[in-house]
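Everything below concerns the one structure shown next.
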Number of protein chains: 4
Amino acid sequence: MGSLNWSSAITEIGPNTIRLRGYPVEQLMGKVSYADAVYLALMGELPDQETSTIMNAILVSSIDHGTSPPSVLSTLTVASTGAPLGSAVAAGILSISKFHGGAIQDCMTAINQALDRAKSSGTSFEEAALEVFQEYKERKERLSGFGHRLHTKDPRTVRLLSLVAELGRAGDGITMAKAFEAVIAERTGKSLPLNVDGAIAAVLVDVNVPAELANAFFMIARLPGLVAHAHEEIQRQRPMRKIHPTDVTYDGPKLRHLT
Amino acid sequence: MGSLNWSSAITEIGPNTIRLRGYPVEQLMGKVSYADAVYLALMGELPDQETSTIMNAILVSSIDHGTSPPSVLSTLTVASTGAPLGSAVAAGILSISKFHGGAIQDCMTAINQALDRAKSSGTSFEEAALEVFQEYKERKERLSGFGHRLHTKDPRTVRLLSLVAELGRAGDGITMAKAFEAVIAERTGKSLPLNVDGAIAAVLVDVNVPAELANAFFMIARLPGLVAHAHEEIQRQRPMRKIHPTDVTYDGPKLRHLT
Amino acid sequence: MGSLNWSSAITEIGPNTIRLRGYPVEQLMGKVSYADAVYLALMGELPDQETSTIMNAILVSSIDHGTSPPSVLSTLTVASTGAPLGSAVAAGILSISKFHGGAIQDCMTAINQALDRAKSSGTSFEEAALEVFQEYKERKERLSGFGHRLHTKDPRTVRLLSLVAELGRAGDGITMAKAFEAVIAERTGKSLPLNVDGAIAAVLVDVNVPAELANAFFMIARLPGLVAHAHEEIQRQRPMRKIHPTDVTYDGPKLRHLT
Amino acid sequence: MGSLNWSSAITEIGPNTIRLRGYPVEQLMGKVSYADAVYLALMGELPDQETSTIMNAILVSSIDHGTSPPSVLSTLTVASTGAPLGSAVAAGILSISKFHGGAIQDCMTAINQALDRAKSSGTSFEEAALEVFQEYKERKERLSGFGHRLHTKDPRTVRLLSLVAELGRAGDGITMAKAFEAVIAERTGKSLPLNVDGAIAAVLVDVNVPAELANAFFMIARLPGLVAHAHEEIQRQRPMRKIHPTDVTYDGPKLRHLT
């Protein structure tokens, strides 16, 4: 049948040798953060110090959002049947899709389109954002990443944008996202501020993550949250209980602050 | 039908409010590492500085091990059919089970049994390890976490144990794991040194992670590796190619060192 | 590493040749029912006429049970995120586990234990059922397959048992299941009649299906139901809607009868 | 938040009442084949006698195709890790996607497009097929359902088409599929005969199954095959063995014929 030999550029394995993208894993351990290793695995290079801080902040921002997301509800539903924890969180991962988590990728795509437009035709960011906005409107598609059902001033968005600014890393992605925000306000008369998906999208563009990995970033960030919910279901609830999607009371620790 | 109201103690959500185990998420962003947030989500409290370093190191150590693990092969197989990346990594998560990743949990269980034995009956760690070892032998079960097909001196094990020692955090879990190592050598005449699963198991015992979360920790650590492999499959290979399980050549970056 | 050649006894494939367990697939098409092919694939032989009728009846009986089972709710939850239909039903399959569908396998195991006991020690079915019942009680386990939350006289159970009797195929599995039913009534003072899981278990024992395939039979039977629910979700509901687990109204065809 | 009440038209459930699309399930048991119930669950009505025979034949034709499809390889890979059988087959279901099984849906879409074209503009089937063929060519897409890597004269295709003809049910779907076959031969100079995916597609069009259910039909048909492979893996192989994708020998029953 001929050779089936194939190649992979991620990790080199040999007796007593494990090298992630060329780096001996034992050198990385204790020296770089896990978020750095995530960036290295996906992007092929270690992040610089500022990008490392941003990567950690993005992953922290998305680790959990309570019990209402469908990824949590499908995880709980499977966990309640006595299935292994891995089956439960796999069902959660399968829920991170077009309408749940997908806004990051969709917003990155729109930002990248507008940036390419501005670069190739020499138009301003404002003009490029307007053109892309109008093309979406003609196709009756919605620009993702703007407005939020619950949060009018999402604390994650505020913090992420200020952190990136402090680090001197607000780049073209963020500028274009704000251009979209202005175009939307002007053309629709509605205030639909950049939401957390849009802010993450803009920042991921600025740290060179390709749009096709956006959904995966969200899955990586959210998996520990799904695990926590599955574990809580197993610890606190009886098997096969009926899971109401919204009638949930928080009974965890009261508000506390980092010291 | 009566109320279906239920409670959750993980994340408190309100308008412009997201608090993970009581901490406003925007305070965590930029201040704690993602590994710290993982610990907080699962354990309910932030780790101290040494535990934070250990958590980052454990997660880094397990992020990828090349193309041979079944979780990678099932991920690649699904990715090659044109399925979404989330479906591919879900299949990988489903592969992290009894014989793949399960050794961490099995080893934690044995360590915890021996520690409970030593504590409740006042026997020495050596005696407790010997008793548990013999019970496994009688049930014809294997003690997991010792010996490795490929690595005689796994660099991850060496580094993890020395890091924990440097941080002054080598606890009872590690002592008991070494007691098992000695018992195995003495009773079987074979050198089956503590492997990376066993070392992680011992350290997770020492940072108070419950054994039933061990598999989940491994899933969290490995998911970015699975994403990297799925992405590489989509980028480099044609759909529906035949995936040989071992005939793989590494063609990534040459050996390089942290600067 | 030596040869990786391996063998499989299910389907022989060659150019213009597809033989399921030895039978050319084109001979099976139009001649045997799909349920017969299921039996052939799993058991290695075609069923006789009575077993064929029973297999069809069991699969029909389990094809759907409305919207309340967790397999449906996890399917709907994933479908509502815009994920592909295959991801949605995979989440449903993952929900068919210990407490959902698992009763068939658990009941088969108990029936087989009691039958082995009766055969090896020459005790009566009644004595064997009592011994196994008491062993479950000592281990504080529940005998699965008896009693039902909703159905006091499950129409599927009644029909399955009468059908098997009409066909002259009520065997030792059914006799032992009824022995358990009598033991439970006598020892607990409660009427916990054989439910549909128990009836299917008894009949599967009588058609020689091994207990470890019971869960799989249920998955096969239920998958079309899951598909129907996923399709209905996509057709009738908006993405990301909140899915109440019990507040559902049936609005399909009125009662009608086979003509 | 207002009522979360919702409706479903599939199965009506009440105490001692289970009605699939209006039919009491106990009336269906023993009277209709499982394939009929699949059709009823998905389409809302029972098939007539000829459609019943066709449904059974399609499902039988697709139940298994040996060890080479990715759905089998991902199922085996997960099964070899000690995961539950349900996790293994869920990974298989996730592999039935764009390039594996997807050809049926793609071919149905093309056939439906050409049929709509012929109907709305009054062109002949030949002209409509040519127009659609050329549009695919312009978009650099491939018409699915024609040609096969292994089978030059697929026995399933031959049998399915002759069966449908015998039953007097060769309809517009089949006519249009053959018009495509002729157009491809004429325009490309290559003989790419209707393959089994194309034949199933044509027949599903003729029994009114919507294209968006095509992939699901294939999943339903193939699940028992996946179960058989997972079960064989667990019975015959050691955990974590290396699974070669092509070096497999058939060692099941020799050729035998229906009697």
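The way I read the labels, and the way they are meant: chains A, B, ... in the order of the structure tokens, residue 1 as the first residue of every chain, and ligand 1 as the first ligand shown, with later ones counted on from there.
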Write out as a PDB file with C-alpha atoms, in the first residue's frame which residues come within 10 Å of D:Leu40 when counting only C-alpha atoms, dropping same-chain ones fewer than 4 positions away.
```pdb
ATOM      1  CA  PRO C 224     -33.714   7.667  15.738  1.00  0.00           C
ATOM      2  CA  GLY C 225     -35.714   9.263  18.557  1.00  0.00           C
ATOM      3  CA  ALA C 228     -36.155  13.314  15.559  1.00  0.00           C
TER       4      ALA C 228
ATOM      5  CA  ILE D  10     -43.017  13.482  18.435  1.00  0.00           C
ATOM      6  CA  LEU D  20     -45.347   7.758  18.698  1.00  0.00           C
ATOM      7  CA  ARG D  21     -46.678  10.343  16.251  1.00  0.00           C
ATOM      8  CA  TYR D  23     -49.802   5.599  17.336  1.00  0.00           C
ATOM      9  CA  TYR D  34     -38.101  -1.211  13.314  1.00  0.00           C
ATOM     10  CA  ALA D  35     -37.234   0.540  10.036  1.00  0.00           C
ATOM     11  CA  ASP D  36     -40.892   1.575   9.751  1.00  0.00           C
ATOM     12  CA  GLY D  44     -44.271  11.685  11.021  1.00  0.00           C
ATOM     13  CA  GLU D  45     -46.092   8.999   9.028  1.00  0.00           C
ATOM     14  CA  LEU D  46     -45.696   5.257   8.583  1.00  0.00           C
ATOM     15  CA  PRO D  47     -44.237   4.196   5.231  1.00  0.00           C
TER      16      PRO D  47
END
```
B:His257 surroundings by only C-alpha atoms, 8 Å radius, close-in-sequence under 3 positions cut, as number ranges by chain: A: 22-24, 27
Can you write just those residues out, N, CA and C atoms, as a short mmCIF file (atom, residue, chain, number, x, y, z; two decimals), in the first residue's frame?
```cif
data_model
loop_
_atom_site.label_atom_id
_atom_site.label_comp_id
_atom_site.auth_asym_id
_atom_site.auth_seq_id
_atom_site.Cartn_x
_atom_site.Cartn_y
_atom_site.Cartn_z
N GLY A 22 10.27 22.20 20.32
CA GLY A 22 11.73 22.33 20.44
C GLY A 22 12.23 22.51 21.86
N TYR A 23 11.38 22.98 22.75
CA TYR A 23 11.82 23.22 24.14
C TYR A 23 11.67 21.96 25.00
N PRO A 24 12.73 21.55 25.68
CA PRO A 24 12.59 20.42 26.62
C PRO A 24 11.51 20.76 27.66
N GLN A 27 12.43 22.04 31.02
CA GLN A 27 12.87 23.43 31.15
C GLN A 27 11.67 24.39 31.29
#
```
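Of the residues listed (C:Gly92, C:Gly189, C:Gly122, C:Gly86), C:Gly86 shows the shortest atom-to-atom separation from chain B; distances use only C-alpha atoms.
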Mind checking which residues fall within 7 Å of B:Ala129, counting only C-alpha atoms, ignoring those fewer than 2 positions away in the same chain, and posting them as a PyMOL selection string? chain B and resi 114+125-127+131-133+176+179-180
Chain D residues within 10 Å of chain A, counting only C-alpha atoms: which ones, as a list in words?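 Filtering chain D at 10 Å from chain A with only C-alpha atoms gives Met1, Leu4, Ala83, Pro84, Gly86, Ser87, Ala90, Leu94, Pro245, Thr246 and Asp247 of chain D.
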Atomic distance atom CA of C:Gln113 - atom CA of C:Asn215, expressed in Å with one decimal: 18.0 Å
Long-range neighbours of D:Ile58 as a list in words, 9 Å cut-off, only C-alpha atoms, 2 positions minimum in chain: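 With the cut-off at 9 Å, the set is Met29, Gly30 and Tyr34 of chain C; Thr53, Ile54, Met55, Asn56, Val60, Ser61, Ser62, Ile63, Arg156, Leu160, Ile200, Val203, Leu204 and Ala221 of chain D.
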Take the residues just selected and output them with C-alpha atoms as a PDB file, in the first residue's frame.
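Below is the file selection_29.pdb, written as the result:
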```
ATOM      1  CA  MET C  29     -30.983  -6.136   1.158  1.00  0.00           C
ATOM      2  CA  GLY C  30     -34.697  -6.563   0.440  1.00  0.00           C
ATOM      3  CA  TYR C  34     -32.909  -4.002   9.362  1.00  0.00           C
TER       4      TYR C  34
ATOM      5  CA  THR D  53     -39.001  -2.476   2.043  1.00  0.00           C
ATOM      6  CA  ILE D  54     -36.808   0.311   0.654  1.00  0.00           C
ATOM      7  CA  MET D  55     -36.142   1.760   4.126  1.00  0.00           C
ATOM      8  CA  ASN D  56     -35.109  -1.651   5.437  1.00  0.00           C
ATOM      9  CA  VAL D  60     -29.201  -2.847   5.859  1.00  0.00           C
ATOM     10  CA  SER D  61     -26.922  -1.638   3.038  1.00  0.00           C
ATOM     11  CA  SER D  62     -25.124   0.822   5.291  1.00  0.00           C
ATOM     12  CA  ILE D  63     -24.820  -1.137   8.523  1.00  0.00           C
ATOM     13  CA  ARG D 156     -25.232  -2.289  -2.878  1.00  0.00           C
ATOM     14  CA  LEU D 160     -30.796  -0.979  -4.363  1.00  0.00           C
ATOM     15  CA  ILE D 200     -29.109   6.137  -1.442  1.00  0.00           C
ATOM     16  CA  VAL D 203     -33.805   6.881  -3.333  1.00  0.00           C
ATOM     17  CA  LEU D 204     -34.117   9.069  -0.221  1.00  0.00           C
ATOM     18  CA  ALA D 221     -27.774   2.766   9.836  1.00  0.00           C
TER      19      ALA D 221
END
```
Please list as a PyMOL selection string every residue within 12 Å of A:Ile104, counting only C-alpha atoms and excluding residues in the same chain fewer than 3 positions away. chain A and resi 58+62+96-101+107-111+143-146+177+194-205+209-219
Using N, CA and C atoms, can you write the selected residues to a file as a short mmCIF file (atom, residue, chain, number, x, y, z; two decimals), in the first residue's frame?
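Written output follows (out26.cif):
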```
data_model
loop_
_atom_site.label_atom_id
_atom_site.label_comp_id
_atom_site.auth_asym_id
_atom_site.auth_seq_id
_atom_site.Cartn_x
_atom_site.Cartn_y
_atom_site.Cartn_z
N ILE A 58 -7.03 36.50 29.34
CA ILE A 58 -8.14 36.03 28.48
C ILE A 58 -8.66 34.69 28.98
N SER A 62 -12.61 33.80 30.82
CA SER A 62 -13.62 32.93 30.21
C SER A 62 -13.78 31.60 30.93
N ILE A 96 -20.08 24.05 22.54
CA ILE A 96 -19.38 25.29 22.21
C ILE A 96 -19.29 25.34 20.69
N SER A 97 -20.19 26.11 20.11
CA SER A 97 -20.44 25.98 18.69
C SER A 97 -20.82 27.34 18.11
N LYS A 98 -21.58 27.32 17.06
CA LYS A 98 -21.90 28.55 16.32
C LYS A 98 -22.45 29.66 17.22
N PHE A 99 -23.49 29.33 18.02
CA PHE A 99 -24.16 30.38 18.80
C PHE A 99 -23.63 30.50 20.22
N HIS A 100 -22.74 29.61 20.64
CA HIS A 100 -22.20 29.64 22.00
C HIS A 100 -20.68 29.58 21.88
N GLY A 101 -20.05 30.73 22.06
CA GLY A 101 -18.60 30.81 21.88
C GLY A 101 -18.21 31.22 20.47
N CYS A 107 -16.37 37.49 15.10
CA CYS A 107 -15.90 38.86 15.24
C CYS A 107 -14.46 39.00 14.74
N MET A 108 -13.62 37.98 15.03
CA MET A 108 -12.25 38.02 14.50
C MET A 108 -12.26 38.06 12.98
N THR A 109 -13.14 37.28 12.38
CA THR A 109 -13.23 37.24 10.92
C THR A 109 -13.58 38.61 10.37
N ALA A 110 -14.56 39.27 11.00
CA ALA A 110 -14.96 40.60 10.53
C ALA A 110 -13.83 41.61 10.71
N ILE A 111 -13.15 41.56 11.87
CA ILE A 111 -12.03 42.48 12.11
C ILE A 111 -10.91 42.25 11.08
N LEU A 143 -23.24 41.40 12.80
CA LEU A 143 -21.85 41.51 13.26
C LEU A 143 -21.79 41.00 14.70
N SER A 144 -21.01 39.98 14.95
CA SER A 144 -20.91 39.42 16.30
C SER A 144 -19.91 40.20 17.13
N GLY A 145 -20.13 40.21 18.45
CA GLY A 145 -19.15 40.81 19.36
C GLY A 145 -19.59 42.14 19.94
N PHE A 146 -20.84 42.52 19.64
CA PHE A 146 -21.33 43.83 20.11
C PHE A 146 -22.68 43.65 20.80
N ALA A 177 -12.02 47.18 16.12
CA ALA A 177 -13.22 46.83 16.88
C ALA A 177 -13.96 48.09 17.31
N LEU A 194 -18.91 47.05 22.47
CA LEU A 194 -18.05 45.86 22.33
C LEU A 194 -18.28 44.98 23.56
N ASN A 195 -18.66 43.72 23.35
CA ASN A 195 -18.85 42.82 24.49
C ASN A 195 -17.60 41.98 24.72
N VAL A 196 -17.67 41.05 25.66
CA VAL A 196 -16.45 40.31 26.01
C VAL A 196 -15.97 39.45 24.84
N ASP A 197 -16.91 38.90 24.06
CA ASP A 197 -16.49 38.13 22.88
C ASP A 197 -15.74 39.04 21.90
N GLY A 198 -16.29 40.23 21.69
CA GLY A 198 -15.66 41.17 20.77
C GLY A 198 -14.31 41.64 21.29
N ALA A 199 -14.21 41.89 22.59
CA ALA A 199 -12.94 42.34 23.16
C ALA A 199 -11.88 41.25 23.05
N ILE A 200 -12.28 40.01 23.36
CA ILE A 200 -11.32 38.90 23.22
C ILE A 200 -10.92 38.75 21.76
N ALA A 201 -11.89 38.86 20.87
CA ALA A 201 -11.61 38.76 19.43
C ALA A 201 -10.56 39.80 19.02
N ALA A 202 -10.78 41.04 19.44
CA ALA A 202 -9.86 42.11 19.06
C ALA A 202 -8.45 41.84 19.60
N VAL A 203 -8.39 41.38 20.85
CA VAL A 203 -7.09 41.13 21.46
C VAL A 203 -6.41 39.92 20.82
N LEU A 204 -7.18 38.89 20.51
CA LEU A 204 -6.59 37.71 19.86
C LEU A 204 -6.03 38.09 18.49
N VAL A 205 -6.72 38.97 17.76
CA VAL A 205 -6.17 39.47 16.50
C VAL A 205 -4.81 40.14 16.76
N VAL A 209 -3.29 35.34 16.94
CA VAL A 209 -3.98 34.05 16.92
C VAL A 209 -4.89 34.01 15.69
N PRO A 210 -4.83 32.92 14.90
CA PRO A 210 -5.72 32.85 13.72
C PRO A 210 -7.17 32.62 14.14
N ALA A 211 -8.10 33.19 13.37
CA ALA A 211 -9.53 33.12 13.71
C ALA A 211 -10.01 31.69 13.86
N GLU A 212 -9.43 30.75 13.10
CA GLU A 212 -9.95 29.37 13.16
C GLU A 212 -9.60 28.68 14.47
N LEU A 213 -8.76 29.31 15.31
CA LEU A 213 -8.48 28.75 16.63
C LEU A 213 -9.29 29.41 17.74
N ALA A 214 -10.13 30.39 17.38
CA ALA A 214 -10.83 31.15 18.42
C ALA A 214 -11.76 30.27 19.24
N ASN A 215 -12.55 29.45 18.56
CA ASN A 215 -13.46 28.56 19.28
C ASN A 215 -12.70 27.63 20.21
N ALA A 216 -11.54 27.15 19.72
CA ALA A 216 -10.72 26.25 20.52
C ALA A 216 -10.18 26.95 21.76
N PHE A 217 -9.77 28.21 21.62
CA PHE A 217 -9.33 28.98 22.80
C PHE A 217 -10.43 29.03 23.84
N PHE A 218 -11.64 29.27 23.38
CA PHE A 218 -12.75 29.34 24.32
C PHE A 218 -12.97 27.98 24.99
N MET A 219 -12.85 26.90 24.22
CA MET A 219 -13.01 25.55 24.82
C MET A 219 -11.94 25.31 25.88
#
```
Just want the 7 Å neighbourhood of C:Leu85, counted on only C-alpha atoms, with same-chain residues fewer than 4 positions away dropped. Output as a ChimeraX atom specification. /C:79,89,230
Atomic distance atom CA of B:Thr11 - atom CA of A:Ala37, expressed in Å with one decimal: 26.3 Å
Return as a ChimeraX atom specification the full set of residues in stretch 17-256 of chain B whose backbone-based DSSP assignment is helix (DSSP H, G or I). /B:25-28,34-43,49-61,70-79,85-95,102-121,125-138,155-166,172-188,196-206,211-236
Take the residues from that selection and put them in a file with C-alpha atoms, as a short mmCIF file (atom, residue, chain, number, x, y, z; two decimals), in the first residue's frame.
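Okay, selection16.cif is ready:
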```cif
data_model
loop_
_atom_site.label_atom_id
_atom_site.label_comp_id
_atom_site.auth_asym_id
_atom_site.auth_seq_id
_atom_site.Cartn_x
_atom_site.Cartn_y
_atom_site.Cartn_z
CA VAL B 25 -13.37 38.02 37.73
CA GLU B 26 -11.99 41.41 36.70
CA GLN B 27 -9.82 41.41 39.83
CA LEU B 28 -8.41 38.02 38.92
CA TYR B 34 -4.78 30.86 34.50
CA ALA B 35 -3.57 27.81 36.46
CA ASP B 36 -4.53 29.64 39.66
CA ALA B 37 -8.02 30.21 38.27
CA VAL B 38 -8.24 26.51 37.39
CA TYR B 39 -7.37 25.66 41.00
CA LEU B 40 -9.88 28.23 42.28
CA ALA B 41 -12.66 26.91 40.04
CA LEU B 42 -12.11 23.31 41.07
CA MET B 43 -11.00 23.64 44.70
CA GLN B 49 2.45 30.96 45.75
CA GLU B 50 4.16 27.57 45.94
CA THR B 51 0.99 25.67 45.00
CA SER B 52 0.52 28.07 42.11
CA THR B 53 3.98 27.25 40.80
CA ILE B 54 3.29 23.53 41.22
CA MET B 55 -0.10 23.76 39.47
CA ASN B 56 1.47 25.58 36.52
CA ALA B 57 4.25 22.97 36.35
CA ILE B 58 1.88 19.99 36.43
CA LEU B 59 -0.34 21.46 33.72
CA VAL B 60 2.71 22.32 31.58
CA SER B 61 4.15 18.83 32.04
CA PRO B 70 -5.06 7.40 21.74
CA SER B 71 -6.55 10.79 22.59
CA VAL B 72 -4.48 12.31 19.78
CA LEU B 73 -5.26 9.52 17.33
CA SER B 74 -9.02 9.72 17.88
CA THR B 75 -8.84 13.53 17.62
CA LEU B 76 -6.97 13.28 14.31
CA THR B 77 -9.33 10.61 12.98
CA VAL B 78 -12.38 12.77 13.62
CA ALA B 79 -10.64 15.93 12.36
CA LEU B 85 -12.57 21.10 15.70
CA GLY B 86 -14.79 20.78 18.78
CA SER B 87 -16.03 17.36 17.67
CA ALA B 88 -12.45 16.25 17.11
CA VAL B 89 -11.22 17.25 20.56
CA ALA B 90 -14.39 15.87 22.19
CA ALA B 91 -13.41 12.46 20.78
CA GLY B 92 -9.97 13.02 22.30
CA ILE B 93 -11.47 13.84 25.69
CA LEU B 94 -13.53 10.63 25.49
CA SER B 95 -10.25 8.70 25.07
CA GLY B 102 -6.43 6.91 34.46
CA ALA B 103 -3.15 5.95 36.14
CA ILE B 104 -3.04 9.29 37.96
CA GLN B 105 -6.36 8.65 39.66
CA ASP B 106 -5.53 5.00 40.39
CA CYS B 107 -2.20 5.98 41.93
CA MET B 108 -3.80 8.75 44.01
CA THR B 109 -6.33 6.22 45.31
CA ALA B 110 -3.55 3.83 46.37
CA ILE B 111 -1.54 6.62 48.00
CA ASN B 112 -4.62 7.89 49.85
CA GLN B 113 -5.47 4.35 51.02
CA ALA B 114 -1.97 3.85 52.40
CA LEU B 115 -1.93 7.28 54.04
CA ASP B 116 -5.29 6.60 55.69
CA ARG B 117 -3.97 3.23 56.86
CA ALA B 118 -0.84 4.75 58.35
CA LYS B 119 -2.83 7.48 60.05
CA SER B 120 -5.64 5.32 61.46
CA SER B 121 -3.58 2.35 62.61
CA PHE B 125 4.53 4.51 55.84
CA GLU B 126 6.65 1.51 54.80
CA GLU B 127 4.30 -0.96 56.47
CA ALA B 128 1.20 0.76 55.10
CA ALA B 129 2.67 0.73 51.58
CA LEU B 130 3.51 -2.95 51.91
CA GLU B 131 0.00 -3.82 53.09
CA VAL B 132 -1.69 -1.95 50.26
CA PHE B 133 0.78 -3.46 47.75
CA GLN B 134 -0.10 -6.96 48.97
CA GLU B 135 -3.83 -6.29 48.81
CA TYR B 136 -3.45 -5.21 45.19
CA LYS B 137 -1.48 -8.39 44.51
CA GLU B 138 -4.16 -10.57 46.07
CA PRO B 155 12.45 14.23 32.63
CA ARG B 156 9.02 15.42 33.80
CA THR B 157 9.19 13.25 36.91
CA VAL B 158 12.70 14.39 37.78
CA ARG B 159 11.80 18.04 37.32
CA LEU B 160 8.49 17.89 39.14
CA LEU B 161 10.01 16.20 42.19
CA SER B 162 12.98 18.57 42.35
CA LEU B 163 10.72 21.60 41.90
CA VAL B 164 8.44 20.50 44.72
CA ALA B 165 11.48 19.89 46.92
CA GLU B 166 12.95 23.33 46.11
CA ASP B 172 3.23 12.84 52.67
CA GLY B 173 1.97 12.01 49.18
CA ILE B 174 5.49 12.00 47.78
CA THR B 175 6.88 10.13 50.78
CA MET B 176 4.25 7.42 50.38
CA ALA B 177 4.84 7.21 46.60
CA LYS B 178 8.53 6.56 47.32
CA ALA B 179 7.59 3.96 49.92
CA PHE B 180 5.60 2.16 47.20
CA GLU B 181 8.59 2.41 44.85
CA ALA B 182 10.81 0.73 47.47
CA VAL B 183 8.24 -1.98 48.21
CA ILE B 184 7.84 -2.79 44.51
CA ALA B 185 11.63 -3.04 44.02
CA GLU B 186 12.03 -5.26 47.08
CA ARG B 187 9.09 -7.56 46.46
CA THR B 188 9.27 -7.95 42.69
CA VAL B 196 5.11 10.91 35.56
CA ASP B 197 1.56 9.72 36.36
CA GLY B 198 2.75 8.58 39.78
CA ALA B 199 4.67 11.79 40.43
CA ILE B 200 1.68 13.93 39.47
CA ALA B 201 -0.53 11.71 41.63
CA ALA B 202 1.76 12.18 44.64
CA VAL B 203 1.93 15.94 44.16
CA LEU B 204 -1.84 16.28 43.64
CA VAL B 205 -2.33 14.43 46.94
CA ASP B 206 0.00 16.95 48.54
CA ALA B 211 -8.63 11.66 43.45
CA GLU B 212 -11.95 11.87 41.58
CA LEU B 213 -10.71 15.07 39.87
CA ALA B 214 -7.41 13.55 38.70
CA ASN B 215 -8.69 12.46 35.31
CA ALA B 216 -10.24 15.89 34.83
CA PHE B 217 -6.93 17.61 35.61
CA PHE B 218 -5.31 15.55 32.92
CA MET B 219 -8.08 16.46 30.45
CA ILE B 220 -7.62 20.15 31.24
CA ALA B 221 -3.85 19.88 30.84
CA ARG B 222 -4.03 17.93 27.58
CA LEU B 223 -6.83 19.79 25.74
CA PRO B 224 -4.48 22.41 24.21
CA GLY B 225 -2.30 19.58 22.88
CA LEU B 226 -5.35 17.98 21.29
CA VAL B 227 -6.31 21.32 19.74
CA ALA B 228 -2.79 21.75 18.33
CA HIS B 229 -2.91 18.28 16.75
CA ALA B 230 -6.41 18.79 15.31
CA HIS B 231 -5.34 22.11 13.84
CA GLU B 232 -2.19 20.58 12.35
CA GLU B 233 -4.27 17.77 10.79
CA ILE B 234 -6.56 20.30 9.13
CA GLN B 235 -3.66 22.50 7.97
CA ARG B 236 -1.27 19.82 6.72
#
```
Enumerate as a PyMOL selection string all residues of stretch 179-255 of chain C assigned to strand (DSSP E or B) by DSSP on the backbone, naming them with the chain letters and numbers the document uses. chain C and resi 194+248-250
Any idea what the distance is between atom CA of A:Lys190 and atom CA of C:Ser80? 27.2 Å
